[in-house]
Number of protein chains: 2
Amino acid sequence: MDSTRVVPAWQSYLRTHQARFIEELRGFLQIPSISALPAHAADVAAAGRWVAQRLERAGLENARVLPTGGHPVVYADWLHAPGKPTVLIYGHFDVQPVEPLDLWTHPPFEPVIEAGRLYARGASDDKGNLLAPITALEALLETEKRLPLNVKFFAEGQEEIGSPQLPEFIQEHKALLACDLVVSADGLQWSPDQPKIDVAYKGMVAMAIDVQGPVADLHSGLYGGMVQNPNHALARILASFHDTSGRVAVKGFYDEVVPPTTAEREQMARVPFDEVELMARLQVDALFGEPGFTSVERGWVRPTLEICGMEGGFQGDGFKGIVPARAAAKISCRLALNQTPSNIVGLIRRHVATLSLPGVEVAITPMEGGIGPYCMPVDHPGVGVAAEVLTELYGTPPHMTRCGGTIPICSLFLESLGVYTVGFSFSLEDENLHGPNEFFRLASLERGQVGYGHLLQRLARAL
Amino acid sequence: MDSTRVVPAWQSYLRTHQARFIEELRGFLQIPSISALPAHAADVAAAGRWVAQRLERAGLENARVLPTGGHPVVYADWLHAPGKPTVLIYGHFDVQPVEPLDLWTHPPFEPVIEAGRLYARGASDDKGNLLAPITALEALLETEKRLPLNVKFFAEGQEEIGSPQLPEFIQEHKALLACDLVVSADGLQWSPDQPKIDVAYKGMVAMAIDVQGPVADLHSGLYGGMVQNPNHALARILASFHDTSGRVAVKGFYDEVVPPTTAEREQMARVPFDEVELMARLQVDALFGEPGFTSVERGWVRPTLEICGMEGGFQGDGFKGIVPARAAAKISCRLALNQTPSNIVGLIRRHVATLSLPGVEVAITPMEGGIGPYCMPVDHPGVGVAAEVLTELYGTPPHMTRCGGTIPICSLFLESLGVYTVGFSFSLEDENLHGPNEFFRLASLERGQVGYGHLLQRLARAL
């Protein structure tokens with residue numbers, strides 16, 4: 001780094017106002033905007049209003065909360081750079097549920113800062129990341145009175161449930177959202193010292209499996225052994241989804257998958273990945289997955305089927321001697337190129353139908369918002385500019401990576417508006433995204449703010 | 001029936017005071033004496049005090065609540081019939097948990113009478129049955145000032161959790177509980193019009209299975225497919241307990257079982273059992289169980305393994321994309337002659353150890369109170385007297401039956417005191433024992449009261 005370089009005014013502005021930005025983030029994090037829980041719908045809407053007001057304060061125009069058939073979205077823009085490209089910045093203001101609550105060391109919606117880390121549900125995914133570009137825009141507008149290119153800001157309140165109403169909303173608002181590139185403020189960096197750029201995300205389709213047996217819970221002594229126990233039937237269904245090696249055993253599951261090329265496998269093998277460190281961090285004595293692939297390949301390019309939740313019968317302390325009336329599970333499949341949600345649902349339905357389960361009824365219900373996988377060219381100019389900025393921020397070039405997570409909006413924008421999405425966000429894998437004790441490094445907030453300032457200036461020239 | 005027969009004074013007393021007895025039962029049922037839940041320990045104790053006070057009011061002596069290492073027991077006696085036999089009447093004042101609460105049409109501890117049925121948790125199992133002999137004793141003592149034989153009354157507060165402290169208590173109180181016969185006020189009749197006498201109960205041993213995977217819930221996109229999902233491991237364990245035909249697949253599970261003799265199978269085949277009615281009542285389209293045995297045989301003489309509860313990961317509304325840190329199940333085995341709880345736990349441990357489950361730790365913890373199976377001779381004089389009384393009460397002789405349920409005290413009294421237990425109680429299978437909307441027919445209370453009066457008078461001559 002050139003220590004003699006003059007710090008631009010917008011960067012000084014960010015430093016001067018950083019304490020206020022952190023306090024704002026704490027307020028944002030106090031809103032329990034859990035999109036998965038209908039009881040929190042009003043909180044999701046409140047978080048949307050918070051974002052719209054914050055964008056207006058930053059100097060953007062036309063800031064407003066827009067309804068969808070479900071949780072709302074937020075839009076704002078600044079379009080006074082004629083002849084310049086238009087970038088749409090994306091993020092989300094909804095968060096995951098907080099169960100199991102007893103494992104949180106602090107209440108999840110009472111943000112606490114400890115040793116440079118801000119603990120709260122949504123701190124890392126995605127409220128901290130969302131605030132970074134907003135404050136960067138504010139700094140540019142306050143100090144330069146203009147932006148170097150046209151900016152649209154679009155945030156949603158349903159990312160954590162798979163963005164079920166987004167496809168229709170985007171279809172109906174193509175002109176409003178039209179742009180040359182999307183920059184996503186949702187995603188991860190590689191490590192505190194190493195940047196990355198994700199050029200692919202897996203798709204996702206989630207399903208509920210419900211098994212109905214007898215009309216009511218039965219005494220396990222009087223009826224046990226005489227009727228099909230829904231727990232037994234569900235365990236058989238769930239166990240049948242994988243063989244003992246860890247490979248998905250649903251017939252046809254892998255048929256559509258585009259296998260990685262030799263070059264891609266070599267490139268993935270070069271990315272540093274420490275299995276010993278991962279096992280130590282997760283406190284497991286072995287990693288486990290589809291045979292024939294490395295952990296990186298399993299995570300980045302191979303589809304998965306995970307049982308995210310299951311329940312049946314008595315689950316309290318102590319014991320209750322029953323054959324339960326019903327049992328249920330929720331599964332999700334992460335999809336690799338070229339799998340589609342509808343095909344996977346069909347394969348799972350056919351697979352379960354082949355199991356003989358007398359005495360129970362099994363229903364498989366896809367949850368809303370199935371999303372196809374996403375991939376963009378590594379040589380796209382947006383990727384090149386992001387790589388330049390990240391190289392300067394970290395002092396080392398980014399890894400070109402794929403991600404096992406799902407950012408529905410990437411697939412949706414490509415399908416509906418024909419534009420690619422470049423990830424530009426600063427969460428880290430150890431920040432307990434989706435789990436108890438989620439946190440965000442305050443250093444990442446600063447890095448993100450400065451990064452967005454540089455990114456917008458360079459995109460103005462490159463696109 | 002001989003309509004000219006004079007109704008004895010004790011029967012008239014029962015009729016006169018029946019409204020009071022029902023009000024007393026409603027009060028008893030308002031005590032949420034759920035033995036499985038530590039939070040309800042004080043309620044179990046309160047129910048014990050209620051029983052002790054009620055026995056004293058009935059005219060019994062030495063009524064008291066006695067401590068155990070867990071939930072208490074209640075004892076009372078009337079021992080003024082020298083030269084006459086001593087009968088110990090047994091019942092329990094604890095109840096099952098009430099989940100799922102949303103399926104109850106009335107709050108479970110706010111008793112409601114509708115169409116001759118008293119709805120409340122514990123109405124049928126076992127508080128209604130427990131009150132029948134108490135009121136019969138009161139009627140005899142109030143009208144005749146004496147009992148025809150010596151009576152000890154013994155009620156416990158831990159039947160629904162397998163009576164974990166009873167073995168030690170009985171061992172330490174052999175003299176207090178010494179008797180010639182136990183009569184159990186816990187159990188079922190065949191139908192409203194048909195009595196039965198159970199001459200055997202299955203044993204039971206319950207176990208908790210806990211599967212621990214990663215240290216915290218993980219994002220199913222970032223980590224799915226790379227680590228063993230505890231839900232997958234638990235599903236594999238649970239599914240492995242049975243083959244697809246319904247037979248228990250745990251190696252050695254059936255080795256100790258005494259198979260029914262040809263004569264016993266013929267006798268069981270003669271007991272009327274309507275599979276179509278059962279399917280209609282339970283609303284299932286098929287019965288299901290161990291091949292090679294009838295439903296009656298499965299229920300009465302074949303051991304079972306049932307998953308009473310299982311849970312893992314997200315179980316709320318909506319969806320959460322996680323690989324959970326842990327999953328858990330509770331299973332129970334109902335034991336046939338000559339299985340033992342300790343052997344079955346060992347077999348299940350060995351079975352699970354044969355499964356290869358890298359990346360998770362599995363713990364199997366037997367719950368307290370494993371109980372061996374129980375069987376008594378059909379030609380025991382206590383059975384003969386009970387059969388005479390039931391024949392008069394119902395106008396038809398009882399079926400001689402076995403029961404898939406477990407009444408731990410039967411095995412305990414036989415092992416510790418060398419006495420058999422005759423079941424004499426009046427619940428019916430459709431009364432939702434252990435499930436939502438449990439109820440007790442008030443007609444059964446009346447029948448039980450009269451039955452106990454006759455039973456005690458005849459046992460005085462027969463034993």
# chains A, B, ... in the order shown; residues from 1 in each chain; ligands from 1
call {"tool": "residues_around", "arguments": {"residues": "range 245-252 of chain B", "least_positions_apart": "2", "cutoff": "7 Å", "atoms": "only C-alpha atoms", "output": "ChimeraX atom specification"}}
result
/B:240-243,254-255,288-291,305,347-348,351
call {"tool": "write_last_selection", "arguments": {"atoms": "N, CA and C atoms", "output": "compact mmCIF listing (two decimals), in the first residue's frame"}}
result
# COMPACT_ATOMS: atom_id res chain seq x y z
N SER B 240 -33.26 -49.23 11.21
CA SER B 240 -32.62 -50.55 11.27
C SER B 240 -33.25 -51.46 12.31
N PHE B 241 -34.09 -50.93 13.18
CA PHE B 241 -34.67 -51.74 14.26
C PHE B 241 -35.69 -52.74 13.76
N HIS B 242 -36.29 -52.49 12.59
CA HIS B 242 -37.26 -53.43 12.02
C HIS B 242 -36.87 -53.74 10.59
N ASP B 243 -37.22 -54.94 10.12
CA ASP B 243 -37.12 -55.18 8.68
C ASP B 243 -38.39 -54.66 8.04
N TYR B 254 -35.57 -61.94 19.66
CA TYR B 254 -36.63 -62.91 19.96
C TYR B 254 -36.11 -64.18 20.65
N ASP B 255 -34.77 -64.26 20.85
CA ASP B 255 -34.19 -65.53 21.29
C ASP B 255 -34.77 -66.06 22.60
N PHE B 288 -50.55 -53.74 10.92
CA PHE B 288 -49.18 -54.01 10.51
C PHE B 288 -48.40 -54.50 11.71
N GLY B 289 -47.66 -55.59 11.53
CA GLY B 289 -46.82 -56.07 12.61
C GLY B 289 -46.06 -57.31 12.20
N GLU B 290 -45.48 -57.97 13.20
CA GLU B 290 -44.61 -59.11 12.98
C GLU B 290 -45.33 -60.20 12.17
N PRO B 291 -44.76 -60.59 11.05
CA PRO B 291 -45.42 -61.63 10.22
C PRO B 291 -45.50 -62.95 10.98
N LEU B 305 -40.92 -53.33 19.67
CA LEU B 305 -39.99 -52.20 19.81
C LEU B 305 -40.64 -51.02 19.12
N LEU B 347 -28.72 -56.05 23.84
CA LEU B 347 -28.87 -56.40 22.43
C LEU B 347 -28.98 -55.15 21.56
N ILE B 348 -29.72 -54.16 22.04
CA ILE B 348 -29.89 -52.94 21.25
C ILE B 348 -28.57 -52.17 21.18
N HIS B 351 -26.50 -53.97 18.66
CA HIS B 351 -27.02 -53.74 17.31
C HIS B 351 -26.58 -52.38 16.78
call {"tool": "residues_around", "arguments": {"residues": "range 220-233 of chain A", "least_positions_apart": "4", "cutoff": "7 Å", "atoms": "only C-alpha atoms", "output": "PyMOL selection string"}}
result
(chain A and resi 211-213+237+312+321-327+357-360) or (chain B and resi 239+287-290+295+298-299+304+306-307+334+403-406)
call {"tool": "write_last_selection", "arguments": {"atoms": "C-alpha atoms", "output": "compact mmCIF listing (two decimals), in the first residue's frame"}}
result
# COMPACT_ATOMS: atom_id res chain seq x y z
CA VAL A 211 -46.74 -39.25 7.79
CA GLN A 212 -50.22 -39.82 9.19
CA GLY A 213 -50.95 -43.02 11.05
CA ILE A 237 -38.29 -42.95 4.37
CA GLY A 312 -42.74 -37.44 15.91
CA GLY A 321 -45.28 -44.78 26.07
CA ILE A 322 -47.10 -44.00 22.83
CA VAL A 323 -47.42 -44.90 19.20
CA PRO A 324 -47.82 -41.37 17.80
CA ALA A 325 -50.54 -40.41 15.36
CA ARG A 326 -48.16 -38.60 13.06
CA ALA A 327 -44.55 -37.79 12.29
CA LEU A 357 -45.61 -48.53 4.02
CA PRO A 358 -48.97 -50.09 4.87
CA GLY A 359 -51.11 -48.39 7.48
CA VAL A 360 -49.86 -44.83 7.04
CA ALA B 239 -35.02 -47.69 10.53
CA LEU B 287 -52.89 -53.28 10.46
CA PHE B 288 -49.18 -54.01 10.51
CA GLY B 289 -46.82 -56.07 12.61
CA GLU B 290 -44.61 -59.11 12.98
CA SER B 295 -53.07 -59.11 15.76
CA ARG B 298 -48.85 -59.50 18.37
CA GLY B 299 -50.57 -57.52 21.08
CA THR B 304 -42.36 -55.08 20.40
CA GLU B 306 -41.66 -48.83 19.31
CA ILE B 307 -40.18 -45.38 18.64
CA ARG B 334 -42.53 -54.33 25.52
CA CYS B 403 -52.36 -57.53 27.94
CA GLY B 404 -49.66 -55.79 25.94
CA GLY B 405 -49.48 -53.08 28.55
CA THR B 406 -47.15 -53.10 31.54
call {"tool": "residues_around", "arguments": {"residues": "Gly309 in chain B", "least_positions_apart": "5", "cutoff": "8 Å", "atoms": "only C-alpha atoms", "output": "list in words"}}
result
Asn231, Glu311, Gly312, Gly313, Phe314, Gln315 and Pro324 of chain A; Ala329, Lys330 and Ile331 of chain B
call {"tool": "write_last_selection", "arguments": {"atoms": "C-alpha atoms", "output": "mmCIF file, in the first residue's frame"}}
result
data_model
loop_
_atom_site.group_PDB
_atom_site.id
_atom_site.type_symbol
_atom_site.label_atom_id
_atom_site.label_comp_id
_atom_site.auth_asym_id
_atom_site.auth_seq_id
_atom_site.Cartn_x
_atom_site.Cartn_y
_atom_site.Cartn_z
ATOM 1 C CA ASN A 231 -42.114 -42.775 13.441
ATOM 2 C CA GLU A 311 -40.234 -34.892 14.766
ATOM 3 C CA GLY A 312 -42.736 -37.444 15.911
ATOM 4 C CA GLY A 313 -44.315 -38.427 19.216
ATOM 5 C CA PHE A 314 -43.214 -37.392 22.678
ATOM 6 C CA GLN A 315 -40.230 -35.036 22.808
ATOM 7 C CA PRO A 324 -47.818 -41.367 17.802
ATOM 8 C CA ALA B 329 -35.260 -40.530 20.076
ATOM 9 C CA LYS B 330 -37.047 -42.385 22.829
ATOM 10 C CA ILE B 331 -37.873 -46.029 22.246
#
call {"tool": "select_by_dssp", "arguments": {"residues": "range 266-314 of chain A", "states": "helix (DSSP H, G or I)", "output": "number ranges by chain"}}
result
A: 266-270, 275-282, 295-300
call {"tool": "select_by_dssp", "arguments": {"residues": "range 49-223 of chain A", "states": "strand (DSSP E)", "output": "VMD selection string"}}
result
chain A and resid 61 to 66 73 to 78 86 to 92 112 to 114 117 to 119 150 to 156 181 to 184 196 to 201 203 to 212 218 to 219
call {"tool": "residues_around", "arguments": {"residues": "range 164-179 of chain B", "least_positions_apart": "4", "cutoff": "10 Å", "atoms": "only C-alpha atoms", "output": "PyMOL selection string"}}
result
chain B and resi 66-73+75-77+85-89+150-154+156-160+367-371+408-409+411-413+415-420
call {"tool": "write_last_selection", "arguments": {"atoms": "C-alpha atoms", "output": "short mmCIF file (atom, residue, chain, number, x, y, z; two decimals), in the first residue's frame"}}
result
data_model
loop_
_atom_site.label_atom_id
_atom_site.label_comp_id
_atom_site.auth_asym_id
_atom_site.auth_seq_id
_atom_site.Cartn_x
_atom_site.Cartn_y
_atom_site.Cartn_z
CA LEU B 66 -44.58 -42.51 52.30
CA PRO B 67 -41.48 -41.16 50.60
CA THR B 68 -39.40 -43.02 48.04
CA GLY B 69 -36.30 -41.84 46.21
CA GLY B 70 -38.74 -40.39 43.64
CA HIS B 71 -42.49 -39.79 43.60
CA PRO B 72 -44.20 -40.94 46.84
CA VAL B 73 -46.56 -43.85 47.56
CA TYR B 75 -50.53 -46.71 52.26
CA ALA B 76 -53.58 -47.37 54.45
CA ASP B 77 -55.11 -50.48 56.01
CA PRO B 85 -57.01 -63.44 54.42
CA THR B 86 -55.36 -60.13 53.62
CA VAL B 87 -55.93 -58.46 50.26
CA LEU B 88 -53.80 -55.55 49.04
CA ILE B 89 -55.60 -53.21 46.64
CA ASN B 150 -58.16 -57.62 56.04
CA VAL B 151 -57.42 -54.90 53.51
CA LYS B 152 -54.25 -53.01 52.72
CA PHE B 153 -54.44 -50.16 50.23
CA PHE B 154 -51.33 -49.21 48.29
CA GLU B 156 -48.18 -45.16 43.84
CA GLY B 157 -47.21 -41.95 42.02
CA GLN B 158 -44.77 -43.30 39.43
CA GLU B 159 -46.61 -45.96 37.43
CA GLU B 160 -46.56 -43.95 34.22
CA MET B 367 -34.53 -45.03 31.45
CA GLU B 368 -35.09 -46.07 35.05
CA GLY B 369 -37.60 -48.74 35.87
CA GLY B 370 -37.21 -51.58 33.41
CA ILE B 371 -39.75 -54.27 34.28
CA PRO B 408 -44.83 -53.01 36.90
CA ILE B 409 -46.25 -53.67 40.33
CA SER B 411 -43.91 -58.35 38.52
CA LEU B 412 -42.54 -56.54 41.56
CA PHE B 413 -45.02 -58.07 44.02
CA GLU B 415 -40.72 -61.24 42.83
CA SER B 416 -40.56 -59.53 46.24
CA LEU B 417 -43.58 -60.82 48.15
CA GLY B 418 -44.43 -64.02 46.30
CA VAL B 419 -48.04 -63.02 45.66
CA TYR B 420 -50.01 -62.78 42.44
#
call {"tool": "residues_around", "arguments": {"residues": "range 98-114 of chain A", "least_positions_apart": "3", "cutoff": "12 Å", "atoms": "only C-alpha atoms", "output": "PyMOL selection string"}}
result
(chain A and resi 22-37+43+95+117-124+128+309+432-442) or (chain B and resi 215-217+312-317+319-320+322+324-326)
call {"tool": "residues_around", "arguments": {"residues": "range 140-142 of chain A", "least_positions_apart": "3", "cutoff": "9 Å", "atoms": "only C-alpha atoms", "output": "list in words"}}
result
Ala9, Trp10, Gln11, Tyr13, Ala58, Gly59, Leu60, Thr135, Ala136, Leu137, Lys145, Arg146, Leu147, Pro148 and Gly453 of chain A
call {"tool": "write_last_selection", "arguments": {"atoms": "C-alpha atoms", "output": "short mmCIF file (atom, residue, chain, number, x, y, z; two decimals), in the first residue's frame"}}
result
data_model
loop_
_atom_site.label_atom_id
_atom_site.label_comp_id
_atom_site.auth_asym_id
_atom_site.auth_seq_id
_atom_site.Cartn_x
_atom_site.Cartn_y
_atom_site.Cartn_z
CA ALA A 9 -12.99 12.61 1.69
CA TRP A 10 -15.61 9.83 1.50
CA GLN A 11 -13.28 7.52 3.42
CA TYR A 13 -16.45 10.58 6.34
CA ALA A 58 -28.13 8.18 2.89
CA GLY A 59 -29.34 10.43 0.10
CA LEU A 60 -31.00 7.95 -2.24
CA THR A 135 -23.14 3.88 4.40
CA ALA A 136 -20.72 3.91 1.45
CA LEU A 137 -23.39 5.56 -0.68
CA LYS A 145 -22.64 15.27 -3.89
CA ARG A 146 -22.92 12.66 -6.62
CA LEU A 147 -22.31 9.01 -7.37
CA PRO A 148 -19.95 7.85 -10.12
CA GLY A 453 -16.78 3.02 -2.44
#
call {"tool": "atom_distance", "arguments": {"atom1": "CA of Leu14 in chain A", "atom2": "CA of Val51 in chain A"}}
result
18.6 Å
call {"tool": "closest_residue", "arguments": {"among": "A:Leu149, A:Ala235, A:Ala328, A:Ala19", "to": "chain B", "atoms": "only C-alpha atoms"}}
result
A:Ala235
call {"tool": "closest_residue", "arguments": {"among": "B:Gln53, B:Ser332, B:Ser163, B:Ser191", "to": "chain A", "atoms": "only C-alpha atoms"}}
result
B:Ser332
